[in-house]
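Engineer: Here you go, final_35.pdb (PDB, C-alpha atoms, pLDDT in the B column):
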```
ATOM      1  CA  MET N 877      58.545 -60.771 -44.214  1.00 47.00           C
ATOM      2  CA  CYS N 878      60.809 -59.004 -41.723  1.00 53.00           C
ATOM      3  CA  LYS N 879      59.321 -56.506 -39.271  1.00 54.00           C
ATOM      4  CA  ALA N 880      61.775 -53.607 -38.858  1.00 55.00           C
ATOM      5  CA  LEU N 881      60.903 -52.042 -35.518  1.00 51.00           C
ATOM      6  CA  ALA N 882      62.199 -49.303 -33.240  1.00 56.00           C
ATOM      7  CA  ALA N 883      63.993 -50.956 -30.348  1.00 61.00           C
ATOM      8  CA  ASP N 884      62.686 -48.565 -27.697  1.00 60.00           C
ATOM      9  CA  GLU N 885      59.049 -49.335 -28.477  1.00 60.00           C
ATOM     10  CA  HIS N 886      58.762 -52.795 -29.955  1.00 69.00           C
ATOM     11  CA  THR N 887      60.975 -55.353 -28.236  1.00 86.00           C
ATOM     12  CA  ALA N 888      58.054 -57.746 -27.627  1.00 91.00           C
ATOM     13  CA  PRO N 889      57.984 -59.188 -31.186  1.00 92.00           C
ATOM     14  CA  ALA N 890      61.753 -59.698 -31.081  1.00 94.00           C
ATOM     15  CA  LEU N 891      61.511 -61.421 -27.730  1.00 95.00           C
ATOM     16  CA  ALA N 892      58.711 -63.661 -28.999  1.00 95.00           C
ATOM     17  CA  ALA N 893      60.778 -64.648 -32.035  1.00 96.00           C
ATOM     18  CA  LEU N 894      63.821 -65.441 -29.890  1.00 97.00           C
ATOM     19  CA  LEU N 895      61.712 -67.501 -27.486  1.00 97.00           C
ATOM     20  CA  ALA N 896      60.452 -69.448 -30.501  1.00 97.00           C
ATOM     21  CA  GLY N 897      64.035 -70.251 -31.481  1.00 97.00           C
ATOM     22  CA  GLU N 898      64.071 -67.871 -34.438  1.00 98.00           C
ATOM     23  CA  PRO N 899      66.910 -65.518 -35.424  1.00 98.00           C
ATOM     24  CA  VAL N 900      66.574 -61.782 -34.824  1.00 97.00           C
ATOM     25  CA  ILE N 901      68.629 -58.772 -35.929  1.00 97.00           C
ATOM     26  CA  PHE N 902      69.332 -56.267 -33.151  1.00 97.00           C
ATOM     27  CA  PRO N 903      71.741 -53.459 -32.227  1.00 96.00           C
ATOM     28  CA  THR N 904      74.868 -53.833 -30.108  1.00 97.00           C
ATOM     29  CA  ASP N 905      77.522 -51.321 -29.120  1.00 96.00           C
ATOM     30  CA  THR N 906      79.878 -52.296 -31.962  1.00 97.00           C
ATOM     31  CA  VAL N 907      77.652 -53.214 -34.938  1.00 97.00           C
ATOM     32  CA  TYR N 908      74.237 -54.675 -35.669  1.00 97.00           C
ATOM     33  CA  GLY N 909      74.106 -58.346 -34.782  1.00 97.00           C
ATOM     34  CA  ILE N 910      72.036 -61.369 -35.663  1.00 98.00           C
ATOM     35  CA  GLY N 911      71.404 -63.980 -33.026  1.00 98.00           C
ATOM     36  CA  VAL N 912      69.361 -66.762 -31.492  1.00 98.00           C
ATOM     37  CA  ALA N 913      68.476 -67.455 -27.876  1.00 98.00           C
ATOM     38  CA  VAL N 914      70.573 -70.142 -26.230  1.00 98.00           C
ATOM     39  CA  GLY N 915      68.294 -72.935 -25.040  1.00 94.00           C
ATOM     40  CA  LYS N 916      65.503 -71.947 -27.436  1.00 96.00           C
ATOM     41  CA  ALA N 917      67.276 -72.598 -30.741  1.00 97.00           C
ATOM     42  CA  PRO N 918      68.744 -76.131 -30.623  1.00 95.00           C
ATOM     43  CA  THR N 919      71.940 -75.013 -32.358  1.00 95.00           C
ATOM     44  CA  PRO N 920      73.411 -71.765 -33.717  1.00 96.00           C
ATOM     45  CA  GLU N 921      73.771 -73.253 -37.194  1.00 95.00           C
ATOM     46  CA  VAL N 922      70.907 -71.177 -38.602  1.00 96.00           C
ATOM     47  CA  LEU N 923      73.153 -68.134 -38.204  1.00 96.00           C
ATOM     48  CA  CYS N 924      75.843 -69.756 -40.350  1.00 95.00           C
ATOM     49  CA  ASP N 925      73.235 -70.656 -42.959  1.00 95.00           C
ATOM     50  CA  LEU N 926      71.861 -67.112 -43.071  1.00 95.00           C
ATOM     51  CA  LYS N 927      75.308 -65.557 -43.440  1.00 93.00           C
ATOM     52  CA  GLY N 928      76.866 -68.190 -45.696  1.00 91.00           C
ATOM     53  CA  ARG N 929      79.451 -68.667 -42.968  1.00 88.00           C
ATOM     54  CA  ASP N 930      81.679 -71.667 -42.224  1.00 86.00           C
ATOM     55  CA  HIS N 931      79.850 -73.925 -39.779  1.00 84.00           C
ATOM     56  CA  GLY N 932      83.102 -74.720 -38.003  1.00 82.00           C
ATOM     57  CA  LYS N 933      83.642 -71.106 -36.957  1.00 87.00           C
ATOM     58  CA  PRO N 934      82.583 -70.506 -33.333  1.00 89.00           C
ATOM     59  CA  ILE N 935      79.779 -68.091 -32.512  1.00 95.00           C
ATOM     60  CA  ALA N 936      80.127 -65.961 -29.387  1.00 97.00           C
ATOM     61  CA  TRP N 937      77.527 -65.512 -26.686  1.00 98.00           C
ATOM     62  CA  LEU N 938      76.278 -62.129 -25.532  1.00 98.00           C
ATOM     63  CA  VAL N 939      75.658 -62.270 -21.781  1.00 98.00           C
ATOM     64  CA  GLY N 940      73.891 -59.985 -19.337  1.00 96.00           C
ATOM     65  CA  CYS N 941      76.321 -59.509 -16.448  1.00 95.00           C
ATOM     66  CA  PRO N 942      79.903 -60.223 -15.321  1.00 95.00           C
ATOM     67  CA  ASP N 943      78.646 -63.042 -13.072  1.00 94.00           C
ATOM     68  CA  ASP N 944      77.792 -64.998 -16.224  1.00 96.00           C
ATOM     69  CA  LEU N 945      81.507 -65.666 -16.638  1.00 97.00           C
ATOM     70  CA  ALA N 946      81.431 -68.025 -13.647  1.00 95.00           C
ATOM     71  CA  ARG N 947      78.130 -69.505 -14.808  1.00 96.00           C
ATOM     72  CA  TYR N 948      79.288 -70.541 -18.275  1.00 98.00           C
ATOM     73  CA  ALA N 949      83.026 -71.133 -17.793  1.00 97.00           C
ATOM     74  CA  LYS N 950      84.984 -73.658 -15.768  1.00 95.00           C
ATOM     75  CA  ARG N 951      88.502 -73.475 -14.388  1.00 90.00           C
ATOM     76  CA  VAL N 952      88.444 -69.699 -14.679  1.00 94.00           C
ATOM     77  CA  PRO N 953      91.861 -68.132 -14.017  1.00 94.00           C
ATOM     78  CA  PRO N 954      91.872 -65.113 -11.665  1.00 94.00           C
ATOM     79  CA  PHE N 955      92.647 -62.646 -14.463  1.00 95.00           C
ATOM     80  CA  ALA N 956      89.447 -63.469 -16.371  1.00 96.00           C
ATOM     81  CA  PRO N 957      87.044 -61.988 -13.776  1.00 95.00           C
ATOM     82  CA  ALA N 958      89.388 -58.985 -13.550  1.00 95.00           C
ATOM     83  CA  LEU N 959      88.962 -58.413 -17.282  1.00 96.00           C
ATOM     84  CA  ALA N 960      85.189 -58.819 -17.056  1.00 96.00           C
ATOM     85  CA  GLN N 961      84.998 -56.298 -14.231  1.00 94.00           C
ATOM     86  CA  ALA N 962      87.211 -53.863 -16.126  1.00 95.00           C
ATOM     87  CA  PHE N 963      85.656 -54.053 -19.585  1.00 97.00           C
ATOM     88  CA  TRP N 964      82.102 -55.397 -19.295  1.00 97.00           C
ATOM     89  CA  PRO N 965      79.872 -54.056 -20.612  1.00 97.00           C
ATOM     90  CA  GLY N 966      82.076 -53.258 -23.572  1.00 97.00           C
ATOM     91  CA  PRO N 967      84.060 -54.510 -26.564  1.00 97.00           C
ATOM     92  CA  VAL N 968      86.018 -57.360 -24.962  1.00 98.00           C
ATOM     93  CA  THR N 969      85.259 -61.020 -25.700  1.00 98.00           C
ATOM     94  CA  LEU N 970      86.649 -63.636 -23.309  1.00 98.00           C
ATOM     95  CA  VAL N 971      87.330 -67.140 -24.624  1.00 98.00           C
ATOM     96  CA  VAL N 972      87.003 -69.665 -21.810  1.00 98.00           C
ATOM     97  CA  GLU N 973      86.627 -73.386 -21.306  1.00 98.00           C
ATOM     98  CA  ALA N 974      82.912 -74.133 -21.546  1.00 98.00           C
ATOM     99  CA  ALA N 975      81.142 -75.218 -18.380  1.00 98.00           C
ATOM    100  CA  PRO N 976      78.706 -78.161 -18.390  1.00 96.00           C
ATOM    101  CA  SER N 977      75.877 -75.590 -18.534  1.00 95.00           C
ATOM    102  CA  VAL N 978      76.917 -74.705 -22.112  1.00 97.00           C
ATOM    103  CA  PRO N 979      75.053 -76.951 -24.586  1.00 96.00           C
ATOM    104  CA  VAL N 980      77.408 -79.084 -26.667  1.00 96.00           C
ATOM    105  CA  ALA N 981      75.925 -77.697 -29.894  1.00 95.00           C
ATOM    106  CA  TYR N 982      77.078 -74.200 -28.919  1.00 97.00           C
ATOM    107  CA  ARG N 983      80.640 -75.082 -27.945  1.00 96.00           C
ATOM    108  CA  ALA N 984      83.560 -74.562 -30.301  1.00 95.00           C
ATOM    109  CA  PRO N 985      85.356 -77.704 -31.531  1.00 94.00           C
ATOM    110  CA  ASP N 986      87.981 -77.149 -28.807  1.00 95.00           C
ATOM    111  CA  ARG N 987      85.210 -77.089 -26.165  1.00 96.00           C
ATOM    112  CA  SER N 988      85.502 -73.372 -25.558  1.00 97.00           C
ATOM    113  CA  ILE N 989      82.908 -70.632 -25.510  1.00 98.00           C
ATOM    114  CA  ALA N 990      83.405 -66.929 -26.195  1.00 98.00           C
ATOM    115  CA  LEU N 991      81.520 -64.519 -23.922  1.00 98.00           C
ATOM    116  CA  ARG N 992      80.874 -60.777 -24.157  1.00 98.00           C
ATOM    117  CA  MET N 993      78.607 -58.327 -22.365  1.00 98.00           C
ATOM    118  CA  PRO N 994      77.499 -55.660 -24.869  1.00 97.00           C
ATOM    119  CA  ASP N 995      77.286 -51.999 -23.907  1.00 97.00           C
ATOM    120  CA  ASN N 996      73.858 -51.568 -25.482  1.00 95.00           C
ATOM    121  CA  GLU N 997      70.638 -51.407 -23.523  1.00 93.00           C
ATOM    122  CA  THR N 998      68.506 -53.034 -26.236  1.00 93.00           C
ATOM    123  CA  ALA N 999      70.757 -56.079 -26.446  1.00 95.00           C
ATOM    124  CA  ARG N1000      71.054 -56.422 -22.673  1.00 95.00           C
ATOM    125  CA  GLY N1001      67.323 -55.908 -22.265  1.00 94.00           C
ATOM    126  CA  LEU N1002      66.609 -58.837 -24.562  1.00 96.00           C
ATOM    127  CA  ILE N1003      69.070 -61.000 -22.630  1.00 96.00           C
ATOM    128  CA  ARG N1004      67.466 -60.048 -19.318  1.00 95.00           C
ATOM    129  CA  GLN N1005      63.969 -60.825 -20.575  1.00 94.00           C
ATOM    130  CA  LEU N1006      65.081 -64.126 -22.090  1.00 95.00           C
ATOM    131  CA  GLY N1007      66.922 -65.155 -18.957  1.00 95.00           C
ATOM    132  CA  ALA N1008      69.548 -66.627 -21.278  1.00 96.00           C
ATOM    133  CA  PRO N1009      72.452 -65.527 -23.468  1.00 98.00           C
ATOM    134  CA  ILE N1010      72.094 -64.730 -27.147  1.00 98.00           C
ATOM    135  CA  ALA N1011      74.443 -66.523 -29.535  1.00 98.00           C
ATOM    136  CA  ALA N1012      75.271 -63.748 -31.972  1.00 98.00           C
ATOM    137  CA  THR N1013      77.425 -62.664 -34.864  1.00 97.00           C
ATOM    138  CA  SER N1014      77.471 -59.535 -37.010  1.00 97.00           C
ATOM    139  CA  ALA N1015      74.434 -59.015 -39.259  1.00 97.00           C
ATOM    140  CA  ASN N1016      76.143 -59.313 -42.611  1.00 95.00           C
ATOM    141  CA  SER N1017      76.727 -61.992 -45.221  1.00 91.00           C
ATOM    142  CA  ALA N1018      80.143 -63.623 -45.179  1.00 86.00           C
ATOM    143  CA  GLY N1019      82.699 -61.355 -46.835  1.00 86.00           C
ATOM    144  CA  GLN N1020      80.670 -58.173 -46.365  1.00 92.00           C
ATOM    145  CA  ALA N1021      81.422 -55.390 -43.895  1.00 93.00           C
ATOM    146  CA  PRO N1022      79.546 -55.530 -40.560  1.00 95.00           C
ATOM    147  CA  PRO N1023      76.792 -52.875 -40.472  1.00 96.00           C
ATOM    148  CA  ARG N1024      77.240 -49.885 -38.176  1.00 96.00           C
ATOM    149  CA  ALA N1025      73.858 -48.457 -39.201  1.00 95.00           C
ATOM    150  CA  PHE N1026      70.544 -50.199 -39.763  1.00 95.00           C
ATOM    151  CA  ASP N1027      70.412 -48.949 -43.356  1.00 94.00           C
ATOM    152  CA  GLU N1028      73.668 -50.795 -44.072  1.00 95.00           C
ATOM    153  CA  ILE N1029      72.103 -54.200 -43.412  1.00 95.00           C
ATOM    154  CA  ASP N1030      71.647 -56.220 -46.597  1.00 94.00           C
ATOM    155  CA  GLU N1031      67.969 -56.341 -47.567  1.00 93.00           C
ATOM    156  CA  ALA N1032      68.344 -59.989 -48.515  1.00 93.00           C
ATOM    157  CA  LEU N1033      69.439 -60.808 -44.964  1.00 95.00           C
ATOM    158  CA  LEU N1034      66.637 -58.694 -43.505  1.00 95.00           C
ATOM    159  CA  GLY N1035      64.189 -60.707 -45.558  1.00 94.00           C
ATOM    160  CA  LYS N1036      65.320 -63.929 -43.878  1.00 95.00           C
ATOM    161  CA  VAL N1037      64.517 -62.967 -40.285  1.00 96.00           C
ATOM    162  CA  PRO N1038      61.094 -62.371 -38.717  1.00 95.00           C
ATOM    163  CA  VAL N1039      62.075 -59.266 -36.726  1.00 95.00           C
ATOM    164  CA  ALA N1040      64.832 -56.649 -36.870  1.00 95.00           C
ATOM    165  CA  LEU N1041      65.277 -53.996 -34.183  1.00 95.00           C
ATOM    166  CA  ARG N1042      66.873 -50.613 -34.762  1.00 93.00           C
ATOM    167  CA  ASP N1043      67.958 -47.895 -32.377  1.00 91.00           C
ATOM    168  CA  ASP N1044      69.665 -44.509 -32.530  1.00 86.00           C
ATOM    169  CA  ALA N1045      72.661 -45.442 -30.363  1.00 86.00           C
ATOM    170  CA  GLU N1046      75.991 -44.889 -32.104  1.00 86.00           C
ATOM    171  CA  LYS N1047      77.865 -48.039 -33.067  1.00 94.00           C
ATOM    172  CA  SER N1048      81.662 -48.025 -32.905  1.00 95.00           C
ATOM    173  CA  GLY N1049      82.091 -50.219 -35.977  1.00 94.00           C
ATOM    174  CA  VAL N1050      85.190 -51.671 -34.316  1.00 95.00           C
ATOM    175  CA  ALA N1051      85.222 -55.367 -33.508  1.00 94.00           C
ATOM    176  CA  SER N1052      85.670 -56.482 -29.932  1.00 97.00           C
ATOM    177  CA  THR N1053      89.066 -57.472 -28.606  1.00 98.00           C
ATOM    178  CA  VAL N1054      89.186 -61.260 -28.188  1.00 98.00           C
ATOM    179  CA  VAL N1055      91.192 -62.617 -25.270  1.00 98.00           C
ATOM    180  CA  ASP N1056      91.972 -66.294 -24.672  1.00 98.00           C
ATOM    181  CA  CYS N1057      91.547 -66.929 -20.951  1.00 97.00           C
ATOM    182  CA  ARG N1058      92.349 -70.634 -20.882  1.00 97.00           C
ATOM    183  CA  GLY N1059      95.972 -70.426 -19.845  1.00 94.00           C
ATOM    184  CA  GLU N1060      98.055 -68.962 -17.050  1.00 93.00           C
ATOM    185  CA  ALA N1061      98.092 -65.540 -18.724  1.00 94.00           C
ATOM    186  CA  PRO N1062      95.736 -63.774 -21.130  1.00 96.00           C
ATOM    187  CA  VAL N1063      96.485 -64.064 -24.848  1.00 97.00           C
ATOM    188  CA  VAL N1064      95.020 -61.447 -27.176  1.00 98.00           C
ATOM    189  CA  LEU N1065      93.737 -63.314 -30.230  1.00 97.00           C
ATOM    190  CA  ARG N1066      92.335 -60.210 -31.920  1.00 97.00           C
ATOM    191  CA  GLU N1067      92.943 -56.598 -31.002  1.00 97.00           C
ATOM    192  CA  GLY N1068      89.820 -54.498 -31.449  1.00 96.00           C
ATOM    193  CA  GLY N1069      88.071 -51.858 -29.404  1.00 94.00           C
ATOM    194  CA  VAL N1070      90.432 -52.326 -26.447  1.00 97.00           C
ATOM    195  CA  SER N1071      94.209 -52.381 -26.897  1.00 97.00           C
ATOM    196  CA  ALA N1072      96.446 -55.247 -25.817  1.00 96.00           C
ATOM    197  CA  ALA N1073      98.235 -52.765 -23.550  1.00 96.00           C
ATOM    198  CA  ASP N1074      94.950 -51.926 -21.805  1.00 96.00           C
ATOM    199  CA  ILE N1075      94.256 -55.641 -21.349  1.00 97.00           C
ATOM    200  CA  GLY N1076      97.626 -56.109 -19.683  1.00 95.00           C
ATOM    201  CA  GLN N1077      97.138 -53.082 -17.467  1.00 95.00           C
ATOM    202  CA  ALA N1078      93.710 -54.236 -16.331  1.00 94.00           C
ATOM    203  CA  VAL N1079      95.099 -57.652 -15.388  1.00 93.00           C
ATOM    204  CA  SER N1080      97.903 -56.032 -13.382  1.00 90.00           C
ATOM    205  CA  LYS N1081      95.461 -53.811 -11.516  1.00 86.00           C
ATOM    206  CA  GLY N1082      92.851 -56.507 -10.976  1.00 69.00           C
ATOM    207  CA  LEU N1083      95.094 -59.135  -9.412  1.00 70.00           C
ATOM    208  CA  PRO N1084      96.334 -59.073  -5.814  1.00 58.00           C
TER     209      PRO N1084
END
```
Could you take the file, read its structure, and then write that structure out as structure tokens?
Structural biologist:
Amino acid sequence: MCKALAADEHTAPALAALLAGEPVIFPTDTVYGIGVAVGKAPTPEVLCDLKGRDHGKPIAWLVGCPDDLARYAKRVPPFAPALAQAFWPGPVTLVVEAAPSVPVAYRAPDRSIALRMPDNETARGLIRQLGAPIAATSANSAGQAPPRAFDEIDEALLGKVPVALRDDAEKSGVASTVVDCRGEAPVVLREGGVSAADIGQAVSKGLP
């Protein structure tokens, strides 16, 4: 049975579950997410099973600091760190070529990995305590709307995880902007919380 706990008082059970390789529901800055700890869960496939999601669809990593871009990506173009410095923490996901430090089971079929640093202290606190990223997706079944509030999370999904954290921080409800950083220039794959124009402006400002 799921333990629904206040994030500011009860992160220890969530951390214990993540360290055991189990999935946990937790707040982010955009919506509530469901995730597993990289290196503790052998693969992220449990998240696809819980959501009824296509196993071929990549699952992004939530990271703890901009320096994680260099840690988990290889052949990083100069504009990628500029975007991380401009928008992390925040609603921008950077798709990069996965470094050898990224387990094969977590890479997309094209050998990429998507990275984002959430602007939510609960999520970042879990990442800091784990010492590892959290592979995460929105806490909803496939086809349902991502939950902005804890009460919007499907009870059936809550019943499938050992711990769910809730907080009072406002969620934007707007998906992150996804930027492909594997070429000579950034390509916006999905426009979300940050506009394509703002992405372009940040690159212009961040490069010499």
Engineer: Once the PyMOL selection byres ((chain N and resi 986-1001) around 7) has been applied to the shown file, what residues remain in the selection, as a PyMOL selection string?
Structural biologist: chain N and resi 883+902-905+936-941+964-974+983-985+1002-1005
Engineer: Excluding Gln1077 (chain N) and its own-chain neighbours fewer than 2 positions away, which residues fall within 12 Å of it when counting all atoms listed in the file? Please give them as a list in words.
Structural biologist: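 The residues that qualify are Phe955, Ala958, Leu959, Ala962, Phe963, Pro1062, Val1070, Ser1071, Ala1072, Ala1073, Asp1074, Ile1075, Val1079, Ser1080, Lys1081, Gly1082 and Leu1083 of chain N.
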Engineer: Can you spell out as a list in words the set of residues that the PyMOL selection byres ((chain N and resi 898) around 9) selects in the structure I just provided?
Structural biologist: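 When the PyMOL selection byres ((chain N and resi 898) around 9) is applied to the shown file, the picked residues are Ala892, Ala893, Leu894, Leu895, Ala896, Gly897, Pro899, Val900, Gly911, Val912, Ala913, Lys916, Ala917, Val922, Val1037 and Pro1038 of chain N.
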Engineer: Apply the PyMOL selection byres ((chain N and resi 1054) around 7) to the structure shown and report the selected residues as a list of chain:residue names.
Structural biologist: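 Applied to this file, the PyMOL selection byres ((chain N and resi 1054) around 7) selects N:Val968, N:Thr969, N:Leu970, N:Ser1052, N:Thr1053, N:Val1055, N:Asp1056, N:Val1064, N:Leu1065, N:Arg1066, N:Glu1067.
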Engineer: Smallest atom-to-atom distance to Ala1025 (chain N): which of N:Ala975, N:Leu1041, N:Leu923, N:Ala890, using only C-alpha atoms?
Structural biologist: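 Nearest to Ala1025 (chain N): N:Leu1041.
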Engineer: Would you mind telling me which residue in N:Gly932, N:Gly1007, N:Gly1069, N:Gly1035 lies nearest to Lys1047 (chain N) when using all atoms listed in the file?
Structural biologist: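 Among N:Gly932, N:Gly1007, N:Gly1069, N:Gly1035, it is N:Gly1069 that comes nearest to Lys1047 (chain N).
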Engineer: Separation of CA of Leu1033 (chain N) and CA of Ala1008 (chain N), in Å?
Structural biologist: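 We find that CA of Leu1033 (chain N) and CA of Ala1008 (chain N) lie 24.4 Å from each other.
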Engineer: As a ChimeraX atom specification, please: the residues near Ile1029 (chain N) (cut-off 7 Å, all atoms listed in the file, same-chain neighbours under 4 positions excluded).
Structural biologist: /N:1015-1016,1023
Engineer: What does the structure give for the distance between CA of Asp943 (chain N) and CA of Tyr982 (chain N), in Å to one decimal?
Structural biologist: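 Separation between CA of Asp943 (chain N) and CA of Tyr982 (chain N): 19.4 Å.
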Engineer: Report, in Å with one decimal, the straight-line distance from CA of Ala1051 (chain N) to CA of His931 (chain N).
Structural biologist: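 Answer for the CA of Ala1051 (chain N) to CA of His931 (chain N) separation: 20.3 Å.
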Engineer: Of the candidates N:Lys927, N:Arg1024, N:Lys1036, N:Arg947, which shows the shortest atom-to-atom distance to Gly1049 (chain N), using all atoms listed in the file?
Structural biologist: N:Arg1024
